[in-house]
Structures are given as C-alpha cells and as structure tokens.
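Structure file target.cif (mmCIF, C-alpha atoms) follows.
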```cif
data_data
loop_
_atom_site.group_PDB
_atom_site.id
_atom_site.type_symbol
_atom_site.label_atom_id
_atom_site.label_comp_id
_atom_site.auth_asym_id
_atom_site.auth_seq_id
_atom_site.Cartn_x
_atom_site.Cartn_y
_atom_site.Cartn_z
ATOM 1 C CA MET A 1 -10.511 -17.997 -6.694
ATOM 2 C CA SER A 2 -10.799 -15.935 -9.861
ATOM 3 C CA VAL A 3 -13.367 -13.193 -10.394
ATOM 4 C CA SER A 4 -16.254 -13.759 -12.795
ATOM 5 C CA HIS A 5 -16.663 -11.821 -16.037
ATOM 6 C CA VAL A 6 -19.816 -10.343 -14.452
ATOM 7 C CA THR A 7 -19.957 -9.207 -10.834
ATOM 8 C CA THR A 8 -22.475 -7.247 -8.798
ATOM 9 C CA HIS A 9 -22.679 -5.165 -5.632
ATOM 10 C CA VAL A 10 -26.012 -4.617 -3.878
ATOM 11 C CA LEU A 11 -26.431 -1.632 -1.595
ATOM 12 C CA ASP A 12 -29.507 -1.102 0.557
ATOM 13 C CA THR A 13 -29.735 2.668 0.205
ATOM 14 C CA GLY A 14 -32.764 2.825 2.483
ATOM 15 C CA ALA A 15 -30.751 1.347 5.354
ATOM 16 C CA GLY A 16 -27.411 2.835 4.314
ATOM 17 C CA ARG A 17 -25.522 -0.482 4.214
ATOM 18 C CA PRO A 18 -24.521 -3.344 1.928
ATOM 19 C CA ALA A 19 -27.283 -5.881 1.267
ATOM 20 C CA ALA A 20 -25.880 -9.210 2.448
ATOM 21 C CA GLY A 21 -27.496 -12.576 1.793
ATOM 22 C CA ILE A 22 -29.331 -11.789 -1.456
ATOM 23 C CA ALA A 23 -29.587 -14.716 -3.878
ATOM 24 C CA VAL A 24 -28.394 -13.750 -7.373
ATOM 25 C CA VAL A 25 -28.794 -15.848 -10.533
ATOM 26 C CA LEU A 26 -27.049 -15.213 -13.870
ATOM 27 C CA PHE A 27 -28.907 -16.247 -17.037
ATOM 28 C CA GLN A 28 -27.858 -16.222 -20.699
ATOM 29 C CA HIS A 29 -30.338 -15.579 -23.512
ATOM 30 C CA ASP A 30 -29.957 -18.100 -26.312
ATOM 31 C CA GLY A 31 -32.393 -18.720 -29.148
ATOM 32 C CA GLY A 32 -35.365 -17.153 -27.400
ATOM 33 C CA THR A 33 -34.760 -19.009 -24.125
ATOM 34 C CA TRP A 34 -33.052 -18.010 -20.888
ATOM 35 C CA HIS A 35 -30.517 -20.554 -19.572
ATOM 36 C CA GLN A 36 -29.253 -20.426 -15.998
ATOM 37 C CA LEU A 37 -25.447 -20.128 -15.871
ATOM 38 C CA ALA A 38 -24.616 -19.526 -12.214
ATOM 39 C CA THR A 39 -25.955 -18.725 -8.773
ATOM 40 C CA SER A 40 -24.421 -16.779 -5.930
ATOM 41 C CA THR A 41 -25.310 -14.973 -2.727
ATOM 42 C CA THR A 42 -24.113 -11.509 -1.797
ATOM 43 C CA ASP A 43 -21.459 -11.524 0.918
ATOM 44 C CA ALA A 44 -21.271 -9.294 4.013
ATOM 45 C CA ASP A 45 -20.127 -6.413 1.776
ATOM 46 C CA GLY A 46 -23.104 -6.948 -0.595
ATOM 47 C CA ARG A 47 -20.867 -8.340 -3.362
ATOM 48 C CA ALA A 48 -21.188 -11.408 -5.585
ATOM 49 C CA LYS A 49 -17.889 -12.110 -7.354
ATOM 50 C CA ASP A 50 -18.491 -15.746 -8.299
ATOM 51 C CA LEU A 51 -21.239 -15.386 -10.913
ATOM 52 C CA GLY A 52 -20.121 -17.766 -13.598
ATOM 53 C CA PRO A 53 -17.012 -18.090 -15.711
ATOM 54 C CA GLU A 54 -14.086 -15.712 -16.127
ATOM 55 C CA GLN A 55 -15.182 -15.129 -19.738
ATOM 56 C CA LEU A 56 -18.647 -14.967 -21.324
ATOM 57 C CA ALA A 57 -19.513 -14.993 -24.998
ATOM 58 C CA PRO A 58 -20.978 -11.772 -26.398
ATOM 59 C CA GLY A 59 -24.750 -11.719 -26.007
ATOM 60 C CA ARG A 60 -27.672 -10.891 -23.761
ATOM 61 C CA TYR A 61 -27.568 -11.765 -20.063
ATOM 62 C CA ARG A 62 -29.853 -11.283 -17.065
ATOM 63 C CA LEU A 63 -29.165 -10.988 -13.357
ATOM 64 C CA ASN A 64 -32.064 -11.940 -11.083
ATOM 65 C CA PHE A 65 -31.990 -10.664 -7.498
ATOM 66 C CA ALA A 66 -34.300 -12.231 -4.885
ATOM 67 C CA ILE A 67 -34.859 -9.094 -2.836
ATOM 68 C CA GLY A 68 -38.214 -10.201 -1.422
ATOM 69 C CA GLU A 69 -36.493 -12.746 0.821
ATOM 70 C CA TYR A 70 -33.923 -10.134 1.882
ATOM 71 C CA TYR A 71 -36.610 -7.706 3.037
ATOM 72 C CA ALA A 72 -38.720 -10.477 4.590
ATOM 73 C CA ALA A 73 -35.744 -11.394 6.796
ATOM 74 C CA LEU A 74 -35.610 -7.731 7.883
ATOM 75 C CA GLU A 75 -39.391 -7.770 8.489
ATOM 76 C CA THR A 76 -39.721 -4.932 5.980
ATOM 77 C CA ALA A 77 -42.412 -4.715 3.314
ATOM 78 C CA THR A 78 -41.206 -4.309 -0.263
ATOM 79 C CA PHE A 79 -42.969 -3.612 -3.532
ATOM 80 C CA PHE A 80 -40.484 -5.664 -5.589
ATOM 81 C CA PRO A 81 -40.168 -9.371 -4.723
ATOM 82 C CA GLU A 82 -37.380 -9.662 -7.286
ATOM 83 C CA VAL A 83 -35.398 -7.528 -9.703
ATOM 84 C CA ASP A 84 -34.249 -8.591 -13.177
ATOM 85 C CA LEU A 85 -31.483 -6.624 -14.891
ATOM 86 C CA VAL A 86 -30.961 -7.442 -18.569
ATOM 87 C CA PHE A 87 -27.735 -6.292 -20.243
ATOM 88 C CA GLU A 88 -25.482 -6.942 -23.229
ATOM 89 C CA VAL A 89 -21.951 -8.343 -23.044
ATOM 90 C CA THR A 90 -20.030 -7.117 -26.090
ATOM 91 C CA GLY A 91 -16.393 -7.758 -25.228
ATOM 92 C CA ALA A 92 -13.778 -9.205 -22.929
ATOM 93 C CA GLU A 93 -13.727 -6.305 -20.436
ATOM 94 C CA HIS A 94 -15.126 -6.870 -16.951
ATOM 95 C CA TYR A 95 -18.836 -6.147 -16.428
ATOM 96 C CA HIS A 96 -19.843 -4.862 -12.983
ATOM 97 C CA VAL A 97 -23.611 -4.401 -12.571
ATOM 98 C CA PRO A 98 -24.450 -2.771 -9.203
ATOM 99 C CA LEU A 99 -27.942 -2.623 -7.746
ATOM 100 C CA LEU A 100 -29.032 0.184 -5.423
ATOM 101 C CA LEU A 101 -32.261 -0.657 -3.657
ATOM 102 C CA SER A 102 -34.787 0.424 -1.107
ATOM 103 C CA PRO A 103 -38.112 -1.225 -0.244
ATOM 104 C CA PHE A 104 -39.993 0.700 -2.946
ATOM 105 C CA ALA A 105 -37.378 1.629 -5.562
ATOM 106 C CA TYR A 106 -34.192 0.470 -7.228
ATOM 107 C CA SER A 107 -31.633 1.734 -9.719
ATOM 108 C CA THR A 108 -28.583 0.386 -11.491
ATOM 109 C CA TYR A 109 -25.735 1.399 -13.757
ATOM 110 C CA ARG A 110 -22.709 -0.058 -15.511
ATOM 111 C CA GLY A 111 -19.916 -0.005 -12.968
ATOM 112 C CA SER A 112 -16.214 -0.700 -13.262
#
```

Spit out the file's structure as structure tokens when you get a sec.
Amino acid sequence: MSVSHVTTHVLDTGAGRPAAGIAVVLFQHDGGTWHQLATSTTDADGRAKDLGPEQLAPGRYRLNFAIGEYYAALETATFFPEVDLVFEVTGAEHYHVPLLLSPFAYSTYRGS
C-alpha cells in the first residue's frame, strides 16, 4: 500500500499515548463547497496513512477528527466533539498534519 499525499498522527497528550481509533475525514474545498475525498481511522500508533490519493492538486483541504467518540469510549468528558484543521497544499511534497490533543485543548503543526 502506498502512503497518501496527506497523513496524520494523533497523540493524546493528556494520557501520554497515541490516540487509536479516531475517525478522520479528508475534504477538498472547491468552488465554495467542501467535498469529501477519503476517510480513515487512526491505527494503534495513532496514525492514518491512507487518507486519499498519493497526489493532491494544489488547493485548500480540511481534516476532520471525530475526537468526541474517542473520549466517549474512554468515558472522559471533552470540550471538543470534533476538530477541523484547514490547510493549503501548494506542491508535490508530502504533507503530514499531526494533532496533539487532550480533553480540553489541542494543537497542531506542519510535520514531515
């Protein structure tokens, strides 16, 4: 299996471990509308490597993370039922978009 142009890694910083089992959806923005491109679920290491094609056209994309279900399964309250990360693809290089989360906060960055 090849790796997608966009990948992600979710770490539960509050628990100090990868966040397995989180549903992730990749959307593309086109003409004022968001179109779903791919879905995935984070593996035991918190990674989703199969989020769409090997190559994406330049443009605006969004990753949606269903973290409410993740925390519900852990019987932990969370302030954020989901997280949307919007970013720009400008070239052919790989885009890795990690998500660091806890029940009441999250952060992200452009990874490699």

Just so the selection is clear, what residues does the PyMOL selection byres ((chain A and resi 104) around 9) cover here, as an mmCIF file with C-alpha atoms, in the frame of the given file?
```cif
data_model
loop_
_atom_site.group_PDB
_atom_site.id
_atom_site.type_symbol
_atom_site.label_atom_id
_atom_site.label_comp_id
_atom_site.auth_asym_id
_atom_site.auth_seq_id
_atom_site.Cartn_x
_atom_site.Cartn_y
_atom_site.Cartn_z
ATOM 1 C CA ALA A 77 -42.412 -4.715 3.314
ATOM 2 C CA THR A 78 -41.206 -4.309 -0.263
ATOM 3 C CA PHE A 79 -42.969 -3.612 -3.532
ATOM 4 C CA PHE A 80 -40.484 -5.664 -5.589
ATOM 5 C CA LEU A 101 -32.261 -0.657 -3.657
ATOM 6 C CA SER A 102 -34.787 0.424 -1.107
ATOM 7 C CA PRO A 103 -38.112 -1.225 -0.244
ATOM 8 C CA ALA A 105 -37.378 1.629 -5.562
ATOM 9 C CA TYR A 106 -34.192 0.470 -7.228
#
```

What are the centre and the three edge lengths of an axis-aligned box that wraps all atoms of segment 92-102 of chain A in the file, given that 3 Å is added to every side, written as AutoDock Vina command-line options and rounded to one decimal in Å?
```
--center_x -24.3 --center_y -4.4 --center_z -12.0 --size_x 27.1 --size_y 15.6 --size_z 27.8
```

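Among the candidate residues A:Thr33, A:Thr13, A:Asn64, A:Thr8, the one lying nearest to His94 of chain A is A:Thr8, with distances computed using all atoms listed in the file.
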
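Atom CA of Ser4 of chain A is positioned 27.7 Å from atom CA of Ala73 of chain A.
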
TODO: Counting only C-alpha atoms, figure out which residue out of A:Ala72, A:Leu99, A:Ala15, A:Val24 gets nearest to Ala48 of chain A.
DONE: A:Val24

TODO: Might you spell out which residues the PyMOL selection byres ((chain A and resi 58) around 6) would select in the displayed file, as a PyMOL selection string?
DONE: chain A and resi 57+59+89-90

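Residues captured in this structure file are A:Phe27, A:Gln28, A:His29, A:Arg60, A:Arg62, A:Val86, A:Phe87, according to the PyMOL selection byres ((chain A and resi 61) around 6).
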
Task: Which of A:Thr7, A:Ser112, A:Thr76, A:Ser107 sits closest to Pro53 of chain A [using all atoms listed in the file] - done: A:Thr7

Using all atoms listed in the file, what table do you get, as a tab-separated table, when you list each residue of segment 46-70 of chain A with an atom no more than 7 Å from segment 37-41 of chain A, its nearest pair of atoms, and their distance in Å rounded to one decimal, rows by chain then rising number?
```
residue	atom	partner	partner_atom	distance
A:Ala48	CA	A:Thr41	CA	6.2
A:Asp50	CA	A:Ser40	CA	6.5
A:Leu51	CA	A:Ala38	CA	5.5
A:Gly52	CA	A:Ala38	CA	5.0
```

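Atom CA of Thr108 of chain A sits 15.9 Å away from atom CA of Leu26 of chain A.
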
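Every protein, DNA or RNA residue with an atom at most 7 Å from Val3 of chain A, where all atoms listed in the file count and chain neighbours fewer than 2 positions away do not, is listed here: A:Met1, A:His5, A:Lys49, A:Asp50, A:Glu54.
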
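In this model, the gap between atom CA of Leu74 of chain A and atom CA of Gly111 of chain A comes to 27.2 Å.
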
Task: Spatial neighbours of Val10 of chain A, max dist 7 Å, only C-alpha atoms, sep filter under 6 positions, as an MDAnalysis selection string - done: chainID A and resid 18:19 46:47 98:100

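The nearest approach to Tyr70 of chain A among the residues A:Gly32, A:His96, A:Val6, A:Val83, with only C-alpha atoms taken into account, belongs to A:Val83.
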
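With all atoms listed in the file as the atoms that count, the residue of A:Ala20, A:Asp30, A:Leu63, A:Gln55 with the shortest distance to Thr42 of chain A is A:Ala20.
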
Missing atoms of segment 51-62 of chain A rebuilt to all heavy atoms, written as a PDB file, in the frame of the given file:
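What landed in out08.pdb:
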```
ATOM      1  N   LEU A  51     -20.066 -15.200 -10.055  1.00  0.00           N
ATOM      2  CA  LEU A  51     -21.239 -15.386 -10.913  1.00  0.00           C
ATOM      3  C   LEU A  51     -20.832 -15.926 -12.279  1.00  0.00           C
ATOM      4  O   LEU A  51     -20.893 -15.223 -13.284  1.00  0.00           O
ATOM      5  CB  LEU A  51     -21.968 -14.054 -11.092  1.00  0.00           C
ATOM      6  CG  LEU A  51     -22.996 -13.739 -10.035  1.00  0.00           C
ATOM      7  CD1 LEU A  51     -23.448 -12.291 -10.140  1.00  0.00           C
ATOM      8  CD2 LEU A  51     -24.177 -14.668 -10.141  1.00  0.00           C
ATOM      9  N   GLY A  52     -20.414 -17.147 -12.317  1.00  0.00           N
ATOM     10  CA  GLY A  52     -20.121 -17.766 -13.598  1.00  0.00           C
ATOM     11  C   GLY A  52     -18.662 -17.709 -13.979  1.00  0.00           C
ATOM     12  O   GLY A  52     -17.797 -17.421 -13.148  1.00  0.00           O
ATOM     13  N   PRO A  53     -18.392 -17.945 -15.243  1.00  0.00           N
ATOM     14  CA  PRO A  53     -17.012 -18.090 -15.711  1.00  0.00           C
ATOM     15  C   PRO A  53     -16.256 -16.767 -15.789  1.00  0.00           C
ATOM     16  O   PRO A  53     -16.846 -15.696 -15.717  1.00  0.00           O
ATOM     17  CB  PRO A  53     -17.187 -18.694 -17.108  1.00  0.00           C
ATOM     18  CG  PRO A  53     -18.517 -18.202 -17.565  1.00  0.00           C
ATOM     19  CD  PRO A  53     -19.363 -18.144 -16.322  1.00  0.00           C
ATOM     20  N   GLU A  54     -14.942 -16.892 -15.973  1.00  0.00           N
ATOM     21  CA  GLU A  54     -14.086 -15.712 -16.127  1.00  0.00           C
ATOM     22  C   GLU A  54     -14.357 -15.003 -17.447  1.00  0.00           C
ATOM     23  O   GLU A  54     -14.055 -13.824 -17.590  1.00  0.00           O
ATOM     24  CB  GLU A  54     -12.614 -16.119 -16.075  1.00  0.00           C
ATOM     25  CG  GLU A  54     -12.162 -16.596 -14.729  1.00  0.00           C
ATOM     26  CD  GLU A  54     -10.702 -16.977 -14.734  1.00  0.00           C
ATOM     27  OE1 GLU A  54      -9.870 -16.207 -15.267  1.00  0.00           O
ATOM     28  OE2 GLU A  54     -10.381 -18.059 -14.206  1.00  0.00           O
ATOM     29  N   GLN A  55     -14.917 -15.715 -18.418  1.00  0.00           N
ATOM     30  CA  GLN A  55     -15.182 -15.129 -19.738  1.00  0.00           C
ATOM     31  C   GLN A  55     -16.543 -15.600 -20.248  1.00  0.00           C
ATOM     32  O   GLN A  55     -16.844 -16.784 -20.197  1.00  0.00           O
ATOM     33  CB  GLN A  55     -14.093 -15.546 -20.728  1.00  0.00           C
ATOM     34  CG  GLN A  55     -14.110 -14.770 -22.019  1.00  0.00           C
ATOM     35  CD  GLN A  55     -13.817 -13.291 -21.807  1.00  0.00           C
ATOM     36  OE1 GLN A  55     -12.887 -12.923 -21.116  1.00  0.00           O
ATOM     37  NE2 GLN A  55     -14.618 -12.439 -22.401  1.00  0.00           N
ATOM     38  N   LEU A  56     -17.345 -14.665 -20.723  1.00  0.00           N
ATOM     39  CA  LEU A  56     -18.647 -14.967 -21.324  1.00  0.00           C
ATOM     40  C   LEU A  56     -18.613 -14.596 -22.796  1.00  0.00           C
ATOM     41  O   LEU A  56     -17.938 -13.638 -23.192  1.00  0.00           O
ATOM     42  CB  LEU A  56     -19.755 -14.163 -20.642  1.00  0.00           C
ATOM     43  CG  LEU A  56     -20.039 -14.476 -19.180  1.00  0.00           C
ATOM     44  CD1 LEU A  56     -21.002 -13.449 -18.606  1.00  0.00           C
ATOM     45  CD2 LEU A  56     -20.595 -15.876 -19.033  1.00  0.00           C
ATOM     46  N   ALA A  57     -19.368 -15.317 -23.584  1.00  0.00           N
ATOM     47  CA  ALA A  57     -19.513 -14.993 -24.998  1.00  0.00           C
ATOM     48  C   ALA A  57     -20.343 -13.722 -25.137  1.00  0.00           C
ATOM     49  O   ALA A  57     -21.205 -13.442 -24.295  1.00  0.00           O
ATOM     50  CB  ALA A  57     -20.194 -16.138 -25.733  1.00  0.00           C
ATOM     51  N   PRO A  58     -20.115 -12.937 -26.170  1.00  0.00           N
ATOM     52  CA  PRO A  58     -20.978 -11.772 -26.398  1.00  0.00           C
ATOM     53  C   PRO A  58     -22.443 -12.219 -26.491  1.00  0.00           C
ATOM     54  O   PRO A  58     -22.740 -13.293 -27.014  1.00  0.00           O
ATOM     55  CB  PRO A  58     -20.486 -11.219 -27.734  1.00  0.00           C
ATOM     56  CG  PRO A  58     -19.057 -11.655 -27.806  1.00  0.00           C
ATOM     57  CD  PRO A  58     -19.043 -13.023 -27.180  1.00  0.00           C
ATOM     58  N   GLY A  59     -23.333 -11.396 -25.958  1.00  0.00           N
ATOM     59  CA  GLY A  59     -24.750 -11.719 -26.007  1.00  0.00           C
ATOM     60  C   GLY A  59     -25.515 -11.048 -24.891  1.00  0.00           C
ATOM     61  O   GLY A  59     -25.007 -10.196 -24.170  1.00  0.00           O
ATOM     62  N   ARG A  60     -26.762 -11.473 -24.744  1.00  0.00           N
ATOM     63  CA  ARG A  60     -27.672 -10.891 -23.761  1.00  0.00           C
ATOM     64  C   ARG A  60     -27.679 -11.761 -22.500  1.00  0.00           C
ATOM     65  O   ARG A  60     -27.797 -12.981 -22.572  1.00  0.00           O
ATOM     66  CB  ARG A  60     -29.087 -10.812 -24.326  1.00  0.00           C
ATOM     67  CG  ARG A  60     -30.066 -10.105 -23.397  1.00  0.00           C
ATOM     68  CD  ARG A  60     -31.388  -9.885 -24.046  1.00  0.00           C
ATOM     69  NE  ARG A  60     -31.182  -8.977 -25.177  1.00  0.00           N
ATOM     70  CZ  ARG A  60     -32.122  -8.657 -26.044  1.00  0.00           C
ATOM     71  NH1 ARG A  60     -33.327  -9.169 -25.939  1.00  0.00           N
ATOM     72  NH2 ARG A  60     -31.866  -7.821 -27.021  1.00  0.00           N
ATOM     73  N   TYR A  61     -27.593 -11.091 -21.351  1.00  0.00           N
ATOM     74  CA  TYR A  61     -27.568 -11.765 -20.063  1.00  0.00           C
ATOM     75  C   TYR A  61     -28.556 -11.095 -19.117  1.00  0.00           C
ATOM     76  O   TYR A  61     -28.970  -9.955 -19.342  1.00  0.00           O
ATOM     77  CB  TYR A  61     -26.154 -11.725 -19.462  1.00  0.00           C
ATOM     78  CG  TYR A  61     -25.187 -12.557 -20.278  1.00  0.00           C
ATOM     79  CD1 TYR A  61     -24.548 -12.019 -21.392  1.00  0.00           C
ATOM     80  CD2 TYR A  61     -24.948 -13.884 -19.957  1.00  0.00           C
ATOM     81  CE1 TYR A  61     -23.691 -12.781 -22.168  1.00  0.00           C
ATOM     82  CE2 TYR A  61     -24.082 -14.654 -20.718  1.00  0.00           C
ATOM     83  CZ  TYR A  61     -23.458 -14.104 -21.817  1.00  0.00           C
ATOM     84  OH  TYR A  61     -22.623 -14.865 -22.590  1.00  0.00           O
ATOM     85  N   ARG A  62     -28.917 -11.816 -18.059  1.00  0.00           N
ATOM     86  CA  ARG A  62     -29.853 -11.283 -17.065  1.00  0.00           C
ATOM     87  C   ARG A  62     -29.378 -11.673 -15.671  1.00  0.00           C
ATOM     88  O   ARG A  62     -28.999 -12.818 -15.437  1.00  0.00           O
ATOM     89  CB  ARG A  62     -31.249 -11.861 -17.309  1.00  0.00           C
ATOM     90  CG  ARG A  62     -32.291 -11.362 -16.344  1.00  0.00           C
ATOM     91  CD  ARG A  62     -33.662 -11.939 -16.649  1.00  0.00           C
ATOM     92  NE  ARG A  62     -33.783 -13.249 -16.035  1.00  0.00           N
ATOM     93  CZ  ARG A  62     -34.559 -14.219 -16.484  1.00  0.00           C
ATOM     94  NH1 ARG A  62     -35.261 -14.076 -17.583  1.00  0.00           N
ATOM     95  NH2 ARG A  62     -34.622 -15.370 -15.846  1.00  0.00           N
TER      96      ARG A  62
END
```
